[in-house]
Number of protein chains: 4
Amino acid sequence: MPKVSEEHRRARRQEILGAAARCFARAGFHRTTIQDIAVESGLSPGLVYRYFADKDAVITAIAAQWHEDQAGLLRADGAVGDLVPGYLDLLRSLAAPAERERVRLGVQIWAEALRAPEVEAVARAGVDAPREVVARLVRVAQDRGELPAGLPPDGLARVFIAIYQGLALQTAWDAGLDNDAYVRAVEGLVSLLTS
Amino acid sequence: MPKVSEEHRRARRQEILGAAARCFARAGFHRTTIQDIAVESGLSPGLVYRYFADKDAVITAIAAQWHEDQAGLLRADGAVGDLVPGYLDLLRSLAAPAERERVRLGVQIWAEALRAPEVEAVARAGVDAPREVVARLVRVAQDRGELPAGLPPDGLARVFIAIYQGLALQTAWDAGLDNDAYVRAVEGLVSLLTS
Amino acid sequence: MPKVSEEHRRARRQEILGAAARCFARAGFHRTTIQDIAVESGLSPGLVYRYFADKDAVITAIAAQWHEDQAGLLRADGAVGDLVPGYLDLLRSLAAPAERERVRLGVQIWAEALRAPEVEAVARAGVDAPREVVARLVRVAQDRGELPAGLPPDGLARVFIAIYQGLALQTAWDAGLDNDAYVRAVEGLVSLLTS
Amino acid sequence: MPKVSEEHRRARRQEILGAAARCFARAGFHRTTIQDIAVESGLSPGLVYRYFADKDAVITAIAAQWHEDQAGLLRADGAVGDLVPGYLDLLRSLAAPAERERVRLGVQIWAEALRAPEVEAVARAGVDAPREVVARLVRVAQDRGELPAGLPPDGLARVFIAIYQGLALQTAWDAGLDNDAYVRAVEGLVSLLTS
DNA sequence: AATGAATGAGAATTCATTCAT
DNA sequence: GATGAATGAATTCTCATTCAT
């Protein structure tokens, strides 16, 4: 397994996934054909099958990569105090035109997770991990008296995730929404919590 | 079987939509065939086409009905004080096993709205209306000093919708999540806001 | 079998055939549905089946009626000398706007005769009868020395039928063709023959 | 089986058209299914759609090819004197068993031209061109005194086309008709004209 | 007799997948 | 490895026909 070849394989795989992501974001998983992906990537339909067992495997890989990238965005190892600015930035980032594709793809993945167990597994893992991180941080903050003790950490973590998911969804539908007003509302809520 | 009453037509349409909703909730719009709907409803494939122009029309009708039902759930004409318990009940209702189908259907509709302009129109209308209602109530409450004046009403309305949407999504994935903890977290947030 | 009822049946049958003729002339046999005929006639699809065994029977009846009407137009019992003006009038009549439907229908029947034995039988009978009449008249005229003796009567009869059929076809395609020039050319040919 | 030559594509297209022509001649355009064409050609239904957008496109291509072949048969660049033998040969050729398919196909195309604008365009072009050629030759012959001056050239051209069309139609219905008698009758007419 | 709702077999078309080159 | 031609099962949709009312 020569290094160059492995390198090449990875690059090819990424080309295909990139093309697939663009197609899926545009037309959804089920209105996108392998042919569409081939055209978008400049490769051939047959080649897709040397990198993925079938179309579902492409979808699953897209979902996995999406959550992987998401995990990258969420990486935060500090205290709640540090987490908050990062979270608000995450909300803000959803408004970026460059994120449009990602956001649309995310919504499609959420729906697909309901039917494809592999996608569900990937999506669940992608949501559970940050939820547990947040819940842990909430507990720490509550111990330190920085957050009200009465709130269930897990529930609160889910609420923050929901606030992100809901914004993503609303942005997917209406890219022109007032992201700033949204973030300021969230900021207001958070400052009430931490004051 | 000639000259059937308008009543009968409405009932037939509902039979088909009911069967379609069950199929769609289970397998998604695109893995459900017209044949599946026919079998589920105990009717024939041809009959579906006497009530709907094509499969997309069935999907759009399902989306329209979903948002109509949703509007029924949201009906609230009082002040914010009255709205809150209704909102919390709405969040609680998502945990009901009977709502499982509705919740799953909702997520599919969100994704479908990204590709089908007719579904988008329906979904947008279904979200815009309650958002404006909430935003108006927030403004009223701010005028009365019942809510902090600094928060953007529209942003806050979107946040509350997001908290609903996110819970719906997370419930669709994991029906066993701790709905009560979620609602208590939201309750805590709201009481911070209104105190 | 009361007379009124029989009368009524005949009238109903004609209503259906009239509607079918209009539909067929417009859209062809195979793009016309029983539903189309029902709408055009103001009756119901089911009723068509009380007058005709199936759609093919409607087509055959249309073909039969077409050739019957045609026979009416051709009725001529005189000598060739009398036949010629009638023939030329027949050619002229093809240009009449009122004949448009008949002409279009005729072409469709010709094609249908190639696939439906019942239509073929009807069409063949409708063409053979006048052909034999003409051939007989040609023979008589040849005996009298009014027509050149060398020409095969049957061949000549077929040629005259062809001159009619070809004009019908060309008129079906292009209702604006110069019918008068055509008839004058035929007239010239005929006068060469009979002089 | 990648990157196939243009030659191969042309051949494949012809295979499909050949099979389609056989099916259409036998059963008509509308009783022939794509499946029938696939079986007749030994190919798959899907492949038909790599060469033709839909069934109507196959029909149009068949019509176009029919008229193209027809144009090949009509090619004549001489004077009327040269044209006549060619024309008579054309009439004779209709009796050849090998022409049976072509003749039947022609009649179907005539009918189809009444409903499919694309077929109409093709048919009209296929008839207009030879008509103008003949009309021009008639004019030349009249100038030279080889044909009676009084006859309208365009009308006469249409009559000759009608004599061809009518023979084709009658041959389609009855392959056993006396082609020789027909041709002798036409020959007689023509010699009267040119004498 | 008449209606038109309902059926379901059949046809066109698509597209994931294979495999010869 | 790559290609893209070829396949054929699956799906949508149509429409002739039936039959309960």
# chains A, B, ... in the order shown; residues from 1 in each chain; ligands from 1
>>> closest_atom_pairs(of="chain F", to="chain B", cutoff="12 Å", atoms="only C-alpha atoms (C1' of nucleotides)", output="tab-separated table")
residue	atom	partner	partner_atom	distance
F:DA10	C1'	B:Thr33	CA	9.9
F:DT11	C1'	B:Thr33	CA	7.3
F:DT12	C1'	B:Ile34	CA	7.8
F:DC13	C1'	B:Asp54	CA	7.9
F:DT14	C1'	B:Gly46	CA	8.4
F:DC15	C1'	B:Gly46	CA	9.5
F:DT18	C1'	B:Met1	CA	11.0
F:DC19	C1'	B:Met1	CA	7.8
F:DA20	C1'	B:Met1	CA	5.1
F:DT21	C1'	B:Met1	CA	5.3
>>> write_last_selection(atoms="N, CA, C and O atoms (P, O5', C5', C4', C3', O3' and C1' of nucleotides)", output="compact mmCIF listing (two decimals), in the first residue's frame")
# COMPACT_ATOMS: atom_id res chain seq x y z
P DA F 10 -37.48 -5.05 -7.68
O5' DA F 10 -37.83 -3.49 -7.68
C5' DA F 10 -36.77 -2.56 -7.59
C4' DA F 10 -37.33 -1.17 -7.72
C3' DA F 10 -38.71 -0.97 -7.08
O3' DA F 10 -38.71 0.33 -6.53
C1' DA F 10 -38.83 -0.43 -9.35
P DT F 11 -39.81 0.71 -5.47
O5' DT F 11 -40.46 2.00 -6.14
C5' DT F 11 -39.65 2.99 -6.76
C4' DT F 11 -40.50 3.83 -7.68
C3' DT F 11 -41.96 4.04 -7.24
O3' DT F 11 -42.20 5.42 -7.05
C1' DT F 11 -41.82 3.48 -9.56
P DT F 12 -43.59 5.92 -6.52
O5' DT F 12 -44.03 6.87 -7.71
C5' DT F 12 -43.07 7.63 -8.41
C4' DT F 12 -43.65 8.06 -9.75
C3' DT F 12 -45.05 8.66 -9.63
O3' DT F 12 -45.10 9.82 -10.45
C1' DT F 12 -45.09 6.79 -11.09
P DC F 13 -46.30 10.86 -10.29
O5' DC F 13 -47.29 10.31 -11.40
C5' DC F 13 -46.80 10.22 -12.75
C4' DC F 13 -47.78 9.42 -13.57
C3' DC F 13 -49.24 9.87 -13.46
O3' DC F 13 -49.59 10.40 -14.73
C1' DC F 13 -49.03 7.50 -13.47
P DT F 14 -51.08 10.81 -15.08
O5' DT F 14 -51.58 9.59 -15.97
C5' DT F 14 -50.75 9.12 -17.00
C4' DT F 14 -51.49 8.05 -17.74
C3' DT F 14 -52.93 8.43 -18.11
O3' DT F 14 -53.08 8.01 -19.45
C1' DT F 14 -52.93 6.40 -16.89
P DC F 15 -54.23 8.58 -20.38
O5' DC F 15 -55.26 7.37 -20.38
C5' DC F 15 -54.72 6.06 -20.56
C4' DC F 15 -55.82 5.05 -20.32
C3' DC F 15 -57.23 5.58 -20.56
O3' DC F 15 -57.97 4.53 -21.11
C1' DC F 15 -57.09 4.76 -18.40
P DT F 18 -65.79 -4.73 -18.34
O5' DT F 18 -66.09 -4.53 -16.78
C5' DT F 18 -65.08 -4.86 -15.85
C4' DT F 18 -65.52 -4.45 -14.46
C3' DT F 18 -66.95 -4.88 -14.10
O3' DT F 18 -66.89 -5.37 -12.77
C1' DT F 18 -66.73 -2.57 -13.82
P DC F 19 -67.97 -6.37 -12.24
O5' DC F 19 -68.77 -5.45 -11.22
C5' DC F 19 -68.05 -4.63 -10.29
C4' DC F 19 -69.03 -3.66 -9.64
C3' DC F 19 -70.47 -4.19 -9.56
O3' DC F 19 -71.05 -3.67 -8.38
C1' DC F 19 -70.45 -2.16 -10.69
P DA F 20 -71.54 -4.70 -7.25
O5' DA F 20 -71.77 -3.74 -6.02
C5' DA F 20 -70.70 -2.94 -5.53
C4' DA F 20 -71.22 -1.57 -5.13
C3' DA F 20 -72.55 -1.58 -4.38
O3' DA F 20 -72.48 -0.54 -3.40
C1' DA F 20 -72.80 -0.38 -6.41
P DT F 21 -73.70 -0.31 -2.47
O5' DT F 21 -74.48 0.83 -3.23
C5' DT F 21 -73.87 2.11 -3.35
C4' DT F 21 -74.79 3.03 -4.11
C3' DT F 21 -76.23 3.07 -3.59
O3' DT F 21 -76.51 4.38 -3.14
C1' DT F 21 -76.16 2.93 -5.96
>>> residues_around(residues="Ile16 (chain A)", least_positions_apart="5", cutoff="8 Å", atoms="only C-alpha atoms (C1' of nucleotides)", output="ChimeraX atom specification")
/A:37-38,41,48
>>> write_last_selection(atoms="all heavy atoms", output="PDB file, in the first residue's frame")
ATOM      1  N   ILE A  37     -23.809  13.141  -9.164  1.00  0.00           N
ATOM      2  CA  ILE A  37     -22.563  13.254  -8.389  1.00  0.00           C
ATOM      3  C   ILE A  37     -21.369  13.088  -9.311  1.00  0.00           C
ATOM      4  O   ILE A  37     -20.368  13.781  -9.194  1.00  0.00           O
ATOM      5  CB  ILE A  37     -22.543  12.200  -7.256  1.00  0.00           C
ATOM      6  CG1 ILE A  37     -23.692  12.475  -6.280  1.00  0.00           C
ATOM      7  CG2 ILE A  37     -21.207  12.209  -6.532  1.00  0.00           C
ATOM      8  CD1 ILE A  37     -23.877  11.388  -5.216  1.00  0.00           C
ATOM      9  N   ALA A  38     -21.491  12.145 -10.239  1.00  0.00           N
ATOM     10  CA  ALA A  38     -20.398  11.909 -11.184  1.00  0.00           C
ATOM     11  C   ALA A  38     -20.141  13.171 -12.007  1.00  0.00           C
ATOM     12  O   ALA A  38     -18.996  13.612 -12.157  1.00  0.00           O
ATOM     13  CB  ALA A  38     -20.727  10.732 -12.095  1.00  0.00           C
ATOM     14  N   SER A  41     -18.586  15.917  -9.944  1.00  0.00           N
ATOM     15  CA  SER A  41     -17.189  15.663  -9.551  1.00  0.00           C
ATOM     16  C   SER A  41     -16.277  15.536 -10.755  1.00  0.00           C
ATOM     17  O   SER A  41     -15.054  15.499 -10.617  1.00  0.00           O
ATOM     18  CB  SER A  41     -17.106  14.374  -8.728  1.00  0.00           C
ATOM     19  OG  SER A  41     -17.445  13.263  -9.542  1.00  0.00           O
ATOM     20  N   VAL A  48     -17.550   5.866  -8.378  1.00  0.00           N
ATOM     21  CA  VAL A  48     -18.175   6.062  -7.061  1.00  0.00           C
ATOM     22  C   VAL A  48     -18.241   4.724  -6.331  1.00  0.00           C
ATOM     23  O   VAL A  48     -18.048   4.653  -5.116  1.00  0.00           O
ATOM     24  CB  VAL A  48     -19.584   6.669  -7.213  1.00  0.00           C
ATOM     25  CG1 VAL A  48     -20.307   6.741  -5.874  1.00  0.00           C
ATOM     26  CG2 VAL A  48     -19.499   8.043  -7.859  1.00  0.00           C
TER      27      VAL A  48
END
>>> residues_around(residues="DA9 (chain F)", least_positions_apart="4", cutoff="12 Å", atoms="only C-alpha atoms (C1' of nucleotides)", output="number ranges by chain")
D: 44-46; E: 14-17
>>> select_by_dssp(residues="region 76-194 of chain C", states="alpha helix (DSSP H)", output="number ranges by chain")
C: 80-93, 100-112, 117-143, 153-173, 179-194
>>> write_last_selection(atoms="C-alpha atoms", output="mmCIF file, in the first residue's frame")
data_model
loop_
_atom_site.group_PDB
_atom_site.id
_atom_site.type_symbol
_atom_site.label_atom_id
_atom_site.label_comp_id
_atom_site.auth_asym_id
_atom_site.auth_seq_id
_atom_site.Cartn_x
_atom_site.Cartn_y
_atom_site.Cartn_z
ATOM 1 C CA VAL C 80 -69.088 7.909 -66.863
ATOM 2 C CA GLY C 81 -70.251 11.165 -68.291
ATOM 3 C CA ASP C 82 -72.467 11.688 -65.267
ATOM 4 C CA LEU C 83 -69.909 10.340 -62.882
ATOM 5 C CA VAL C 84 -67.219 12.856 -63.696
ATOM 6 C CA PRO C 85 -68.942 15.987 -62.452
ATOM 7 C CA GLY C 86 -69.883 14.185 -59.253
ATOM 8 C CA TYR C 87 -66.315 13.056 -58.771
ATOM 9 C CA LEU C 88 -64.957 16.540 -59.277
ATOM 10 C CA ASP C 89 -67.489 17.848 -56.802
ATOM 11 C CA LEU C 90 -66.339 15.232 -54.357
ATOM 12 C CA LEU C 91 -62.785 16.502 -54.719
ATOM 13 C CA ARG C 92 -63.984 20.071 -54.282
ATOM 14 C CA SER C 93 -65.958 19.179 -51.188
ATOM 15 C CA ARG C 100 -62.180 19.175 -41.895
ATOM 16 C CA GLU C 101 -63.202 16.743 -39.195
ATOM 17 C CA ARG C 102 -64.232 14.058 -41.670
ATOM 18 C CA VAL C 103 -60.972 14.349 -43.553
ATOM 19 C CA ARG C 104 -58.837 14.074 -40.444
ATOM 20 C CA LEU C 105 -60.910 11.181 -39.233
ATOM 21 C CA GLY C 106 -60.482 9.424 -42.543
ATOM 22 C CA VAL C 107 -56.714 9.482 -42.329
ATOM 23 C CA GLN C 108 -56.807 8.073 -38.819
ATOM 24 C CA ILE C 109 -59.119 5.300 -39.970
ATOM 25 C CA TRP C 110 -56.752 4.386 -42.799
ATOM 26 C CA ALA C 111 -53.951 3.883 -40.306
ATOM 27 C CA GLU C 112 -56.157 2.055 -37.849
ATOM 28 C CA PRO C 117 -59.109 -6.366 -38.458
ATOM 29 C CA GLU C 118 -62.625 -5.044 -37.842
ATOM 30 C CA VAL C 119 -61.640 -1.603 -39.056
ATOM 31 C CA GLU C 120 -59.816 -3.139 -41.967
ATOM 32 C CA ALA C 121 -62.938 -5.039 -42.993
ATOM 33 C CA VAL C 122 -64.995 -1.896 -42.872
ATOM 34 C CA ALA C 123 -62.413 0.168 -44.726
ATOM 35 C CA ARG C 124 -61.890 -2.442 -47.371
ATOM 36 C CA ALA C 125 -65.596 -2.748 -48.020
ATOM 37 C CA GLY C 126 -65.850 1.026 -48.150
ATOM 38 C CA VAL C 127 -63.187 1.217 -50.831
ATOM 39 C CA ASP C 128 -63.937 -1.951 -52.782
ATOM 40 C CA ALA C 129 -67.547 -1.087 -53.506
ATOM 41 C CA PRO C 130 -66.920 2.257 -55.243
ATOM 42 C CA ARG C 131 -63.900 0.793 -56.955
ATOM 43 C CA GLU C 132 -65.986 -1.882 -58.550
ATOM 44 C CA VAL C 133 -68.623 0.628 -59.531
ATOM 45 C CA VAL C 134 -66.036 2.812 -61.212
ATOM 46 C CA ALA C 135 -64.328 -0.133 -62.867
ATOM 47 C CA ARG C 136 -67.643 -1.269 -64.294
ATOM 48 C CA LEU C 137 -68.427 2.180 -65.611
ATOM 49 C CA VAL C 138 -64.974 2.362 -67.181
ATOM 50 C CA ARG C 139 -65.615 -0.890 -68.967
ATOM 51 C CA VAL C 140 -68.944 0.359 -70.243
ATOM 52 C CA ALA C 141 -67.347 3.569 -71.468
ATOM 53 C CA GLN C 142 -64.566 1.644 -73.167
ATOM 54 C CA ASP C 143 -67.151 -0.527 -74.937
ATOM 55 C CA PRO C 153 -60.353 -0.641 -65.845
ATOM 56 C CA ASP C 154 -59.472 -1.788 -62.354
ATOM 57 C CA GLY C 155 -56.166 0.062 -62.407
ATOM 58 C CA LEU C 156 -57.857 3.223 -63.607
ATOM 59 C CA ALA C 157 -60.515 2.946 -60.931
ATOM 60 C CA ARG C 158 -57.797 2.653 -58.314
ATOM 61 C CA VAL C 159 -56.042 5.677 -59.741
ATOM 62 C CA PHE C 160 -59.164 7.773 -59.377
ATOM 63 C CA ILE C 161 -59.594 6.586 -55.842
ATOM 64 C CA ALA C 162 -55.950 7.407 -55.188
ATOM 65 C CA ILE C 163 -56.458 10.905 -56.548
ATOM 66 C CA TYR C 164 -59.233 11.317 -54.016
ATOM 67 C CA GLN C 165 -57.325 9.739 -51.147
ATOM 68 C CA GLY C 166 -54.184 11.719 -51.824
ATOM 69 C CA LEU C 167 -56.111 14.973 -51.909
ATOM 70 C CA ALA C 168 -57.819 14.045 -48.665
ATOM 71 C CA LEU C 169 -54.464 13.351 -47.067
ATOM 72 C CA GLN C 170 -52.851 16.523 -48.333
ATOM 73 C CA THR C 171 -55.878 18.506 -47.225
ATOM 74 C CA ALA C 172 -55.746 16.945 -43.788
ATOM 75 C CA TRP C 173 -52.189 18.214 -43.453
ATOM 76 C CA ASN C 179 -58.037 22.831 -54.032
ATOM 77 C CA ASP C 180 -59.098 24.595 -57.203
ATOM 78 C CA ALA C 181 -55.744 24.064 -58.911
ATOM 79 C CA TYR C 182 -55.890 20.432 -57.939
ATOM 80 C CA VAL C 183 -59.361 19.979 -59.373
ATOM 81 C CA ARG C 184 -58.408 21.788 -62.582
ATOM 82 C CA ALA C 185 -55.436 19.475 -63.001
ATOM 83 C CA VAL C 186 -57.684 16.462 -62.532
ATOM 84 C CA GLU C 187 -60.210 17.952 -64.900
ATOM 85 C CA GLY C 188 -57.506 18.361 -67.503
ATOM 86 C CA LEU C 189 -56.453 14.757 -67.147
ATOM 87 C CA VAL C 190 -60.005 13.518 -67.383
ATOM 88 C CA SER C 191 -60.761 15.580 -70.464
ATOM 89 C CA LEU C 192 -57.676 14.153 -72.150
ATOM 90 C CA LEU C 193 -59.004 10.707 -71.333
ATOM 91 C CA THR C 194 -62.479 11.249 -72.589
#
>>> interface_residues(of="chain E", to="chain B", cutoff="8 Å", atoms="only C-alpha atoms (C1' of nucleotides)", output="PyMOL selection string")
chain E and resi 3-8
